[in-house]
$ cat final-v5.tsv   # TSV, C-alpha atoms
chain	number	residue	atom	x	y	z
A	1	ASN	CA	-43.46	124.72	-88.79
A	2	PHE	CA	-46.22	127.20	-89.55
A	3	ILE	CA	-49.92	126.41	-89.32
A	4	LYS	CA	-52.31	129.15	-90.42
A	5	ILE	CA	-55.57	129.09	-88.47
A	6	ASP	CA	-58.28	131.73	-88.19
A	7	LEU	CA	-59.47	131.45	-84.58
A	8	ASN	CA	-62.80	133.02	-85.52
A	9	LYS	CA	-63.51	130.36	-88.15
A	10	SER	CA	-61.49	127.38	-86.96
A	11	ASN	CA	-63.03	123.98	-86.37
A	12	LYS	CA	-61.77	120.99	-84.40
A	13	LYS	CA	-59.98	119.63	-87.46
A	14	ASP	CA	-57.93	122.83	-87.77
A	15	LEU	CA	-57.06	122.96	-84.09
A	16	LYS	CA	-56.09	119.29	-83.95
A	17	LYS	CA	-53.11	120.13	-86.17
A	18	ILE	CA	-51.60	121.76	-83.09
A	19	ILE	CA	-51.78	118.51	-81.12
A	20	LEU	CA	-49.22	116.92	-83.47
A	21	PHE	CA	-46.56	119.24	-82.03
A	22	ASN	CA	-47.56	118.57	-78.42
A	23	PRO	CA	-46.28	121.98	-77.25
A	24	GLU	CA	-45.25	122.51	-73.64
A	25	ILE	CA	-45.35	126.32	-73.87
A	26	ILE	CA	-47.76	128.60	-75.72
A	27	PHE	CA	-47.15	132.28	-76.39
A	28	ASN	CA	-50.49	133.89	-77.17
A	29	PHE	CA	-49.85	136.99	-79.30
A	30	SER	CA	-53.19	136.73	-81.12
A	31	ALA	CA	-55.69	139.58	-80.76
A	32	GLN	CA	-57.64	142.11	-82.76
A	33	GLY	CA	-55.80	145.39	-82.22
A	34	MET	CA	-56.50	149.08	-83.00
A	35	VAL	CA	-58.17	151.42	-80.51
A	36	ALA	CA	-60.12	154.01	-82.48
A	37	GLU	CA	-61.56	151.48	-84.92
A	38	SER	CA	-62.90	149.30	-82.10
A	39	TRP	CA	-65.65	151.87	-81.48
A	40	ASN	CA	-67.07	151.27	-84.97
A	41	ASN	CA	-67.54	147.51	-84.63
A	42	PRO	CA	-67.06	146.59	-80.96
A	43	ASP	CA	-68.71	143.21	-81.57
A	44	HIS	CA	-65.82	142.25	-83.87
A	45	TRP	CA	-63.32	142.96	-81.10
A	46	PHE	CA	-65.36	141.08	-78.50
A	47	GLN	CA	-65.80	138.14	-80.87
A	48	THR	CA	-62.07	137.83	-81.57
A	49	ASN	CA	-60.52	138.84	-78.26
A	50	ILE	CA	-63.03	137.15	-75.95
A	51	VAL	CA	-65.18	134.51	-77.69
A	52	ALA	CA	-62.66	133.07	-80.16
A	53	GLN	CA	-59.86	133.26	-77.59
A	54	SER	CA	-62.01	131.44	-75.03
A	55	LYS	CA	-62.80	128.66	-77.48
A	56	PHE	CA	-59.12	128.21	-78.29
A	57	LEU	CA	-58.26	128.20	-74.60
A	58	LYS	CA	-60.89	125.53	-73.96
A	59	PHE	CA	-59.27	123.42	-76.68
A	60	VAL	CA	-55.85	123.88	-75.07
A	61	GLN	CA	-57.14	122.85	-71.64
A	62	LYS	CA	-58.84	119.73	-73.01
A	63	ASN	CA	-56.19	118.49	-75.44
A	64	LEU	CA	-52.76	119.72	-74.37
A	65	ASN	CA	-50.71	119.27	-71.24
A	66	ILE	CA	-48.89	122.61	-71.31
A	67	LYS	CA	-46.50	123.92	-68.67
A	68	LYS	CA	-46.87	127.62	-69.47
A	69	TYR	CA	-49.39	129.79	-71.33
A	70	ILE	CA	-47.76	133.19	-71.79
A	71	GLN	CA	-50.38	135.82	-72.52
A	72	PHE	CA	-48.88	138.76	-74.43
A	73	THR	CA	-51.36	141.44	-73.43
A	74	THR	CA	-51.51	145.23	-73.24
A	75	PRO	CA	-51.19	148.17	-70.80
A	76	GLU	CA	-54.43	149.53	-72.27
A	77	VAL	CA	-56.26	147.43	-69.68
A	78	TYR	CA	-55.05	149.91	-67.02
A	79	GLY	CA	-56.40	153.01	-68.75
A	80	SER	CA	-54.42	156.24	-68.53
A	81	THR	CA	-51.72	156.44	-65.85
A	82	ASN	CA	-50.09	159.61	-64.50
A	83	LYS	CA	-47.11	157.90	-62.88
A	84	LYS	CA	-45.26	154.61	-63.15
A	85	ILE	CA	-47.43	151.69	-62.11
A	86	LYS	CA	-46.63	148.19	-60.89
A	87	GLU	CA	-48.12	144.95	-62.17
A	88	SER	CA	-50.75	144.95	-59.40
A	89	PHE	CA	-52.42	148.16	-60.65
A	90	ASN	CA	-56.21	147.94	-61.08
A	91	PHE	CA	-57.82	147.62	-64.52
A	92	ASN	CA	-59.65	150.68	-65.85
A	93	PRO	CA	-60.15	150.17	-69.62
A	94	SER	CA	-61.57	153.05	-71.64
A	95	THR	CA	-62.25	151.60	-75.13
A	96	PRO	CA	-63.92	148.50	-76.61
A	97	TYR	CA	-60.46	147.19	-77.54
A	98	ALA	CA	-59.13	147.64	-73.99
A	99	ASN	CA	-62.31	146.15	-72.50
A	100	SER	CA	-61.98	143.06	-74.68
A	101	ARG	CA	-58.37	142.50	-73.58
A	102	ALA	CA	-59.16	143.12	-69.91
A	103	CYS	CA	-62.05	140.66	-70.03
A	104	PHE	CA	-59.95	137.80	-71.39
A	105	ASP	CA	-57.08	138.60	-69.02
A	106	ASN	CA	-59.52	138.34	-66.11
A	107	HIS	CA	-60.81	135.04	-67.46
A	108	LEU	CA	-57.26	133.65	-67.56
A	109	LEU	CA	-56.62	134.91	-64.05
A	110	SER	CA	-59.76	133.14	-62.81
A	111	LEU	CA	-58.56	129.91	-64.41
A	112	TYR	CA	-55.23	130.26	-62.64
A	113	LYS	CA	-56.83	130.94	-59.25
A	114	ASN	CA	-59.40	128.16	-59.48
A	115	TYR	CA	-57.72	125.50	-61.63
A	116	ASN	CA	-54.04	126.44	-61.37
A	117	PHE	CA	-53.95	127.07	-65.14
A	118	PRO	CA	-50.30	127.89	-65.97
A	119	VAL	CA	-50.77	131.43	-67.26
A	120	ILE	CA	-48.12	134.15	-67.16
A	121	PHE	CA	-49.01	137.71	-68.23
A	122	THR	CA	-46.75	140.17	-70.00
A	123	ARG	CA	-47.80	143.75	-70.66
A	124	THR	CA	-45.56	145.56	-73.08
A	125	ALA	CA	-44.98	149.18	-74.01
A	126	ASN	CA	-45.42	150.29	-77.65
A	127	VAL	CA	-43.21	148.04	-79.74
A	128	PHE	CA	-41.43	149.21	-82.88
A	129	GLY	CA	-38.71	148.20	-85.30
A	130	PRO	CA	-38.21	146.82	-88.81
A	131	PHE	CA	-41.17	145.09	-90.51
A	132	GLN	CA	-43.82	146.81	-88.38
A	133	ASP	CA	-47.21	147.51	-89.98
A	134	LEU	CA	-47.06	150.79	-91.87
A	135	TYR	CA	-50.10	152.31	-90.15
A	136	ARG	CA	-48.33	152.38	-86.76
A	137	ILE	CA	-47.06	155.76	-85.58
A	138	ILE	CA	-43.32	155.34	-86.22
A	139	PRO	CA	-43.55	153.62	-89.64
A	140	VAL	CA	-46.30	155.92	-90.92
A	141	THR	CA	-44.37	159.02	-89.85
A	142	ILE	CA	-41.24	157.73	-91.60
A	143	MET	CA	-43.17	156.84	-94.74
A	144	ARG	CA	-44.96	160.18	-94.95
A	145	ILE	CA	-41.62	161.97	-94.59
A	146	LEU	CA	-40.13	159.87	-97.39
A	147	GLN	CA	-43.23	160.48	-99.52
A	148	LYS	CA	-42.87	164.22	-98.83
A	149	LYS	CA	-46.34	164.39	-97.28
A	150	ASN	CA	-47.63	166.12	-94.15
A	151	ILE	CA	-47.33	164.22	-90.85
A	152	ILE	CA	-50.72	163.60	-89.25
A	153	ILE	CA	-50.99	163.80	-85.45
A	154	HIS	CA	-54.16	163.10	-83.45
A	155	GLY	CA	-55.07	165.82	-80.97
A	156	LYS	CA	-52.12	167.94	-79.90
A	157	GLY	CA	-49.70	165.03	-79.82
A	158	SER	CA	-49.39	165.39	-76.05
A	159	SER	CA	-50.09	161.74	-75.13
A	160	GLU	CA	-47.00	159.96	-73.77
A	161	ARG	CA	-45.78	156.48	-74.54
A	162	SER	CA	-42.73	154.29	-74.05
A	163	PHE	CA	-41.39	152.81	-77.30
A	164	ILE	CA	-39.40	149.59	-77.13
A	165	LEU	CA	-37.58	147.70	-79.87
A	166	MET	CA	-39.16	144.31	-80.56
A	167	GLU	CA	-35.79	142.59	-80.21
A	168	ASP	CA	-35.59	143.76	-76.59
A	169	VAL	CA	-39.10	142.42	-76.01
A	170	CYS	CA	-38.15	139.01	-77.42
A	171	ILE	CA	-35.15	138.78	-75.10
A	172	ALA	CA	-37.42	139.58	-72.14
A	173	LEU	CA	-39.96	136.96	-73.24
A	174	GLU	CA	-37.25	134.30	-73.48
A	175	LYS	CA	-36.10	135.08	-69.94
A	176	ILE	CA	-39.68	134.92	-68.68
A	177	MET	CA	-40.28	131.63	-70.50
A	178	ASN	CA	-37.20	130.00	-69.02
A	179	SER	CA	-37.39	131.31	-65.47
A	180	SER	CA	-40.70	132.60	-64.18
A	181	ASN	CA	-43.44	130.98	-62.12
A	182	ILE	CA	-47.04	130.74	-63.26
A	183	GLY	CA	-49.55	133.34	-62.16
A	184	GLN	CA	-47.01	136.18	-62.45
A	185	THR	CA	-47.30	139.40	-64.45
A	186	TYR	CA	-44.36	141.29	-65.96
A	187	HIS	CA	-44.14	144.74	-67.53
A	188	ILE	CA	-41.79	145.00	-70.50
A	189	SER	CA	-40.95	148.66	-70.98
A	190	THR	CA	-38.17	151.20	-71.21
A	191	ASN	CA	-37.82	153.95	-68.59
A	192	LYS	CA	-38.08	156.64	-71.25
A	193	PHE	CA	-41.46	158.22	-72.01
A	194	ILE	CA	-41.99	160.60	-74.91
A	195	SER	CA	-44.96	162.52	-76.32
A	196	ILE	CA	-46.18	161.67	-79.80
A	197	LYS	CA	-45.35	165.19	-80.97
A	198	LYS	CA	-41.76	164.97	-79.71
A	199	LEU	CA	-41.44	161.52	-81.27
A	200	CYS	CA	-42.47	162.88	-84.68
A	201	LEU	CA	-40.06	165.80	-84.30
A	202	LYS	CA	-37.24	163.35	-83.50
A	203	ILE	CA	-37.97	161.42	-86.69
A	204	LYS	CA	-38.10	164.66	-88.66
A	205	LYS	CA	-34.69	165.59	-87.30
A	206	ILE	CA	-33.19	162.23	-88.29
A	207	PHE	CA	-34.26	162.81	-91.89
A	208	ASN	CA	-33.59	166.57	-91.77
A	209	SER	CA	-37.20	166.85	-92.91
A	210	LYS	CA	-39.30	169.96	-93.54
A	211	ASN	CA	-42.60	168.09	-93.60
A	212	LYS	CA	-45.38	169.90	-91.73
A	213	LEU	CA	-47.16	168.53	-88.69
A	214	ILE	CA	-50.94	168.53	-89.20
A	215	TYR	CA	-53.15	168.13	-86.12
A	216	THR	CA	-56.50	166.36	-86.39
A	217	LYS	CA	-59.30	165.52	-83.95
A	218	ASP	CA	-58.14	163.22	-81.17
A	219	ARG	CA	-59.36	159.64	-80.96
A	220	VAL	CA	-62.27	158.87	-78.64
A	221	GLY	CA	-61.18	157.30	-75.35
A	222	LYS	CA	-57.49	157.81	-76.06
A	223	ASP	CA	-55.46	157.44	-72.88
A	224	LYS	CA	-53.08	160.21	-71.88
A	225	ALA	CA	-50.20	157.95	-70.94
A	226	TYR	CA	-49.11	154.40	-70.19
A	227	LYS	CA	-46.23	154.44	-67.74
A	228	LEU	CA	-45.19	150.94	-66.82
A	229	SER	CA	-42.65	150.17	-64.13
A	230	SER	CA	-40.43	147.36	-65.42
A	231	ASN	CA	-38.41	147.05	-62.19
A	232	LYS	CA	-39.74	143.54	-61.52
A	233	LEU	CA	-38.45	142.27	-64.86
A	234	ARG	CA	-35.11	144.08	-64.51
A	235	LYS	CA	-34.53	142.88	-60.95
A	236	ASN	CA	-35.66	139.27	-61.34
A	237	PHE	CA	-34.02	138.52	-64.68
A	238	LYS	CA	-31.23	141.10	-65.01
A	239	TRP	CA	-32.96	142.34	-68.16
A	240	LYS	CA	-32.23	145.67	-69.84
A	241	GLU	CA	-32.42	147.16	-73.31
A	242	ILE	CA	-29.52	146.41	-75.67
A	243	ASN	CA	-29.32	150.00	-76.94
A	244	ASN	CA	-30.96	153.31	-76.04
A	245	PHE	CA	-34.11	154.63	-77.69
A	246	ASP	CA	-32.39	157.19	-79.93
A	247	TYR	CA	-30.08	154.53	-81.37
A	248	ASN	CA	-32.98	152.13	-81.97
A	249	LEU	CA	-35.10	154.84	-83.57
A	250	ARG	CA	-32.31	155.78	-85.99
A	251	PHE	CA	-31.72	152.10	-86.75
A	252	THR	CA	-35.43	151.68	-87.54
A	253	CYS	CA	-35.53	154.81	-89.70
A	254	ASN	CA	-32.61	153.50	-91.75
A	255	TRP	CA	-34.35	150.17	-92.30
A	256	TYR	CA	-37.47	151.86	-93.69
A	257	LEU	CA	-35.33	154.15	-95.81
A	258	ASN	CA	-33.40	151.20	-97.27
A	259	ASN	CA	-36.65	149.34	-98.03
A	260	PHE	CA	-38.68	152.35	-99.15
A	261	ASN	CA	-39.09	151.29	-102.79
A	262	LYS	CA	-40.82	148.05	-101.77
A	263	LEU	CA	-42.79	149.56	-98.91
A	264	ASN	CA	-44.00	152.47	-101.02
A	265	LYS	CA	-46.21	150.06	-102.96
A	266	LEU	CA	-48.19	149.28	-99.81
A	267	LYS	CA	-51.05	151.19	-98.17
A	268	LEU	CA	-50.36	153.28	-95.08
A	269	ASN	CA	-53.88	153.06	-93.64
A	270	TYR	CA	-55.29	150.30	-91.48
A	271	GLU	CA	-58.01	148.29	-93.25
A	272	HIS	CA	-60.39	146.47	-90.94
A	273	LYS	CA	-61.43	142.92	-91.65
A	274	LYS	CA	-63.94	141.03	-89.54

$ encode --input "final-v5.tsv" --output "structure tokens"
Amino acid sequence: NFIKIDLNKSNKKDLKKIILFNPEIIFNFSAQGMVAESWNNPDHWFQTNIVAQSKFLKFVQKNLNIKKYIQFTTPEVYGSTNKKIKESFNFNPSTPYANSRACFDNHLLSLYKNYNFPVIFTRTANVFGPFQDLYRIIPVTIMRILQKKNIIIHGKGSSERSFILMEDVCIALEKIMNSSNIGQTYHISTNKFISIKKLCLKIKKIFNSKNKLIYTKDRVGKDKAYKLSSNKLRKNFKWKEINNFDYNLRFTCNWYLNNFNKLNKLKLNYEHKK
């Protein structure tokens, strides 16, 4: 069943619809994303990712007897990392978006320490795959190639990321849901890290594209790299990716190619809504 609720505008009547299902486990994927845009209206990010989330959490604590609250959060809370880091690494957020996520993560951690609230944290590398929003780096690069437009890269494209297929993430989340203890944190990431420039060149090669790379001003507060060690997840749950990155990237490119006529009617740019 699907219940559509805006956490920023919801009232008790809306939230009480959730009680009917009496869930034992909650996966919290909800958050206002986007890094660069968070500088323009930081209050919107704080309202959604801290205030609205806290109100929802208060409702959960008061009305539901849940066994696990799995917080799907972000490596942005760590800031830029030069080498692989473990789950115990200190927070060092560098943008309003990252600060808002770090704040709520700390709130959840306090609830666990003081009230034994059943939270489990997952921090995931950059996800990709079919159906992803078109303004994300892999879809927008594919779409601009198919539209025969220049490929836009912030800065010199030197920042490094790990890109992981969403299907692999879901398998990891299921293992965590079924097996892990509360209070734990797990990194969900591949062991392959690639610069944004090299990523775009890989996609160009897949399409045998001649589209030009155009470099623009880098985003304020952009972190150089997120390098997550996923050894804990791999060791505890025997988890690993189904296929390698190159296979998954080609698979994703083919999906966008096959659905280009429908997708081409949509906008490529992120549009912010409060």

$ residues_around --input "final-v5.tsv" --residues "Ile151 (chain A)" --least-positions-apart "4" --cutoff "8 Å" --atoms "only C-alpha atoms" --output "PyMOL selection string"
chain A and resi 141+144-145+200+211-214

$ atom_distance --input "final-v5.tsv" --atom1 "CA of Leu109 (chain A)" --atom2 "CA of Phe237 (chain A)"
22.9 Å

$ residues_around --input "final-v5.tsv" --residues "Val169 (chain A)" --least-positions-apart "6" --cutoff "8 Å" --atoms "all atoms listed in the file" --output "list in words"
Thr124, Val127 and Ile188 of chain A

$ residues_around --input "final-v5.tsv" --residues "Gln71 (chain A)" --least-positions-apart "2" --cutoff "6 Å" --atoms "all atoms listed in the file" --output "list in words"
Asn28, Thr73 and Phe121 of chain A

$ residues_around --input "final-v5.tsv" --residues "Thr48 (chain A)" --least-positions-apart "6" --cutoff "8 Å" --atoms "only C-alpha atoms" --output "MDAnalysis selection string"
chainID A and resid 7:8 31:32

$ residues_near_point --input "final-v5.tsv" --point "(-65.1, 159.1, -78.0)" --cutoff "12 Å" --atoms "all atoms listed in the file" --output "ChimeraX atom specification"
/A:35-40,94-96,217-223

$ closest_residue --input "final-v5.tsv" --among "A:Lys232, A:Lys55, A:Lys12, A:His44" --to "Lys274 (chain A)" --atoms "only C-alpha atoms"
A:His44

$ closest_residue --input "final-v5.tsv" --among "A:Ser110, A:Asn264, A:Asn181, A:Thr74" --to "Pro93 (chain A)" --atoms "all atoms listed in the file"
A:Thr74

$ build_atoms --input "final-v5.tsv" --residues "region 3-14 of chain A" --atoms "all heavy atoms" --output "mmCIF file, in the frame of the given file"
data_model
loop_
_atom_site.group_PDB
_atom_site.id
_atom_site.type_symbol
_atom_site.label_atom_id
_atom_site.label_comp_id
_atom_site.auth_asym_id
_atom_site.auth_seq_id
_atom_site.Cartn_x
_atom_site.Cartn_y
_atom_site.Cartn_z
ATOM 1 N N ILE A 3 -48.543 126.819 -89.050
ATOM 2 C CA ILE A 3 -49.920 126.410 -89.320
ATOM 3 C C ILE A 3 -50.789 127.660 -89.279
ATOM 4 O O ILE A 3 -50.830 128.352 -88.259
ATOM 5 C CB ILE A 3 -50.437 125.406 -88.273
ATOM 6 C CG1 ILE A 3 -49.542 124.167 -88.220
ATOM 7 C CG2 ILE A 3 -51.869 124.997 -88.587
ATOM 8 C CD1 ILE A 3 -49.903 123.222 -87.085
ATOM 9 N N LYS A 4 -51.454 127.964 -90.365
ATOM 10 C CA LYS A 4 -52.310 129.150 -90.420
ATOM 11 C C LYS A 4 -53.739 128.772 -90.049
ATOM 12 O O LYS A 4 -54.376 127.966 -90.720
ATOM 13 C CB LYS A 4 -52.279 129.772 -91.818
ATOM 14 C CG LYS A 4 -53.063 131.068 -91.919
ATOM 15 C CD LYS A 4 -52.937 131.684 -93.306
ATOM 16 C CE LYS A 4 -53.714 132.989 -93.401
ATOM 17 N NZ LYS A 4 -53.586 133.603 -94.749
ATOM 18 N N ILE A 5 -54.222 129.365 -88.948
ATOM 19 C CA ILE A 5 -55.570 129.090 -88.470
ATOM 20 C C ILE A 5 -56.260 130.400 -88.106
ATOM 21 O O ILE A 5 -55.682 131.228 -87.426
ATOM 22 C CB ILE A 5 -55.544 128.169 -87.229
ATOM 23 C CG1 ILE A 5 -54.941 126.799 -87.574
ATOM 24 C CG2 ILE A 5 -56.946 127.981 -86.661
ATOM 25 C CD1 ILE A 5 -54.748 125.907 -86.367
ATOM 26 N N ASP A 6 -57.471 130.582 -88.586
ATOM 27 C CA ASP A 6 -58.280 131.730 -88.190
ATOM 28 C C ASP A 6 -59.106 131.312 -86.973
ATOM 29 O O ASP A 6 -60.012 130.475 -87.089
ATOM 30 C CB ASP A 6 -59.204 132.142 -89.352
ATOM 31 C CG ASP A 6 -60.010 133.405 -89.042
ATOM 32 O OD1 ASP A 6 -60.193 133.726 -87.850
ATOM 33 O OD2 ASP A 6 -60.453 134.073 -89.996
ATOM 34 N N LEU A 7 -58.795 131.865 -85.815
ATOM 35 C CA LEU A 7 -59.470 131.450 -84.580
ATOM 36 C C LEU A 7 -60.964 131.740 -84.605
ATOM 37 O O LEU A 7 -61.744 131.104 -83.902
ATOM 38 C CB LEU A 7 -58.824 132.122 -83.370
ATOM 39 C CG LEU A 7 -57.386 131.702 -83.045
ATOM 40 C CD1 LEU A 7 -56.897 132.408 -81.783
ATOM 41 C CD2 LEU A 7 -57.263 130.195 -82.881
ATOM 42 N N ASN A 8 -61.374 132.711 -85.428
ATOM 43 C CA ASN A 8 -62.800 133.020 -85.520
ATOM 44 C C ASN A 8 -63.563 132.011 -86.367
ATOM 45 O O ASN A 8 -64.789 131.899 -86.262
ATOM 46 C CB ASN A 8 -63.000 134.422 -86.114
ATOM 47 C CG ASN A 8 -62.809 135.514 -85.082
ATOM 48 O OD1 ASN A 8 -63.343 135.430 -83.986
ATOM 49 N ND2 ASN A 8 -62.036 136.525 -85.412
ATOM 50 N N LYS A 9 -62.845 131.290 -87.228
ATOM 51 C CA LYS A 9 -63.510 130.360 -88.150
ATOM 52 C C LYS A 9 -63.044 128.924 -87.967
ATOM 53 O O LYS A 9 -63.505 128.026 -88.669
ATOM 54 C CB LYS A 9 -63.242 130.792 -89.596
ATOM 55 C CG LYS A 9 -63.730 132.193 -89.924
ATOM 56 C CD LYS A 9 -63.345 132.586 -91.346
ATOM 57 C CE LYS A 9 -63.790 134.017 -91.661
ATOM 58 N NZ LYS A 9 -63.360 134.431 -93.023
ATOM 59 N N SER A 10 -62.112 128.699 -87.079
ATOM 60 C CA SER A 10 -61.490 127.380 -86.960
ATOM 61 C C SER A 10 -62.465 126.336 -86.442
ATOM 62 O O SER A 10 -63.383 126.628 -85.675
ATOM 63 C CB SER A 10 -60.276 127.464 -86.031
ATOM 64 O OG SER A 10 -60.678 127.874 -84.736
ATOM 65 N N ASN A 11 -62.270 125.103 -86.883
ATOM 66 C CA ASN A 11 -63.030 123.980 -86.370
ATOM 67 C C ASN A 11 -62.069 123.014 -85.673
ATOM 68 O O ASN A 11 -60.865 123.260 -85.618
ATOM 69 C CB ASN A 11 -63.789 123.266 -87.501
ATOM 70 C CG ASN A 11 -62.858 122.900 -88.656
ATOM 71 O OD1 ASN A 11 -61.726 122.464 -88.430
ATOM 72 N ND2 ASN A 11 -63.326 123.073 -89.878
ATOM 73 N N LYS A 12 -62.601 121.937 -85.148
ATOM 74 C CA LYS A 12 -61.770 120.990 -84.400
ATOM 75 C C LYS A 12 -60.671 120.398 -85.269
ATOM 76 O O LYS A 12 -59.577 120.108 -84.794
ATOM 77 C CB LYS A 12 -62.642 119.901 -83.803
ATOM 78 C CG LYS A 12 -63.544 120.386 -82.680
ATOM 79 C CD LYS A 12 -64.332 119.243 -82.074
ATOM 80 C CE LYS A 12 -65.216 119.746 -80.933
ATOM 81 N NZ LYS A 12 -66.017 118.644 -80.329
ATOM 82 N N LYS A 13 -60.966 120.205 -86.545
ATOM 83 C CA LYS A 13 -59.980 119.630 -87.460
ATOM 84 C C LYS A 13 -58.773 120.546 -87.591
ATOM 85 O O LYS A 13 -57.619 120.098 -87.602
ATOM 86 C CB LYS A 13 -60.610 119.395 -88.828
ATOM 87 C CG LYS A 13 -59.681 118.709 -89.819
ATOM 88 C CD LYS A 13 -60.387 118.460 -91.149
ATOM 89 C CE LYS A 13 -59.440 117.795 -92.146
ATOM 90 N NZ LYS A 13 -60.110 117.545 -93.451
ATOM 91 N N ASP A 14 -59.023 121.849 -87.685
ATOM 92 C CA ASP A 14 -57.930 122.830 -87.770
ATOM 93 C C ASP A 14 -57.092 122.805 -86.500
ATOM 94 O O ASP A 14 -55.867 122.768 -86.543
ATOM 95 C CB ASP A 14 -58.482 124.237 -87.993
ATOM 96 C CG ASP A 14 -59.125 124.405 -89.362
ATOM 97 O OD1 ASP A 14 -58.657 123.742 -90.313
ATOM 98 O OD2 ASP A 14 -60.077 125.186 -89.473
#
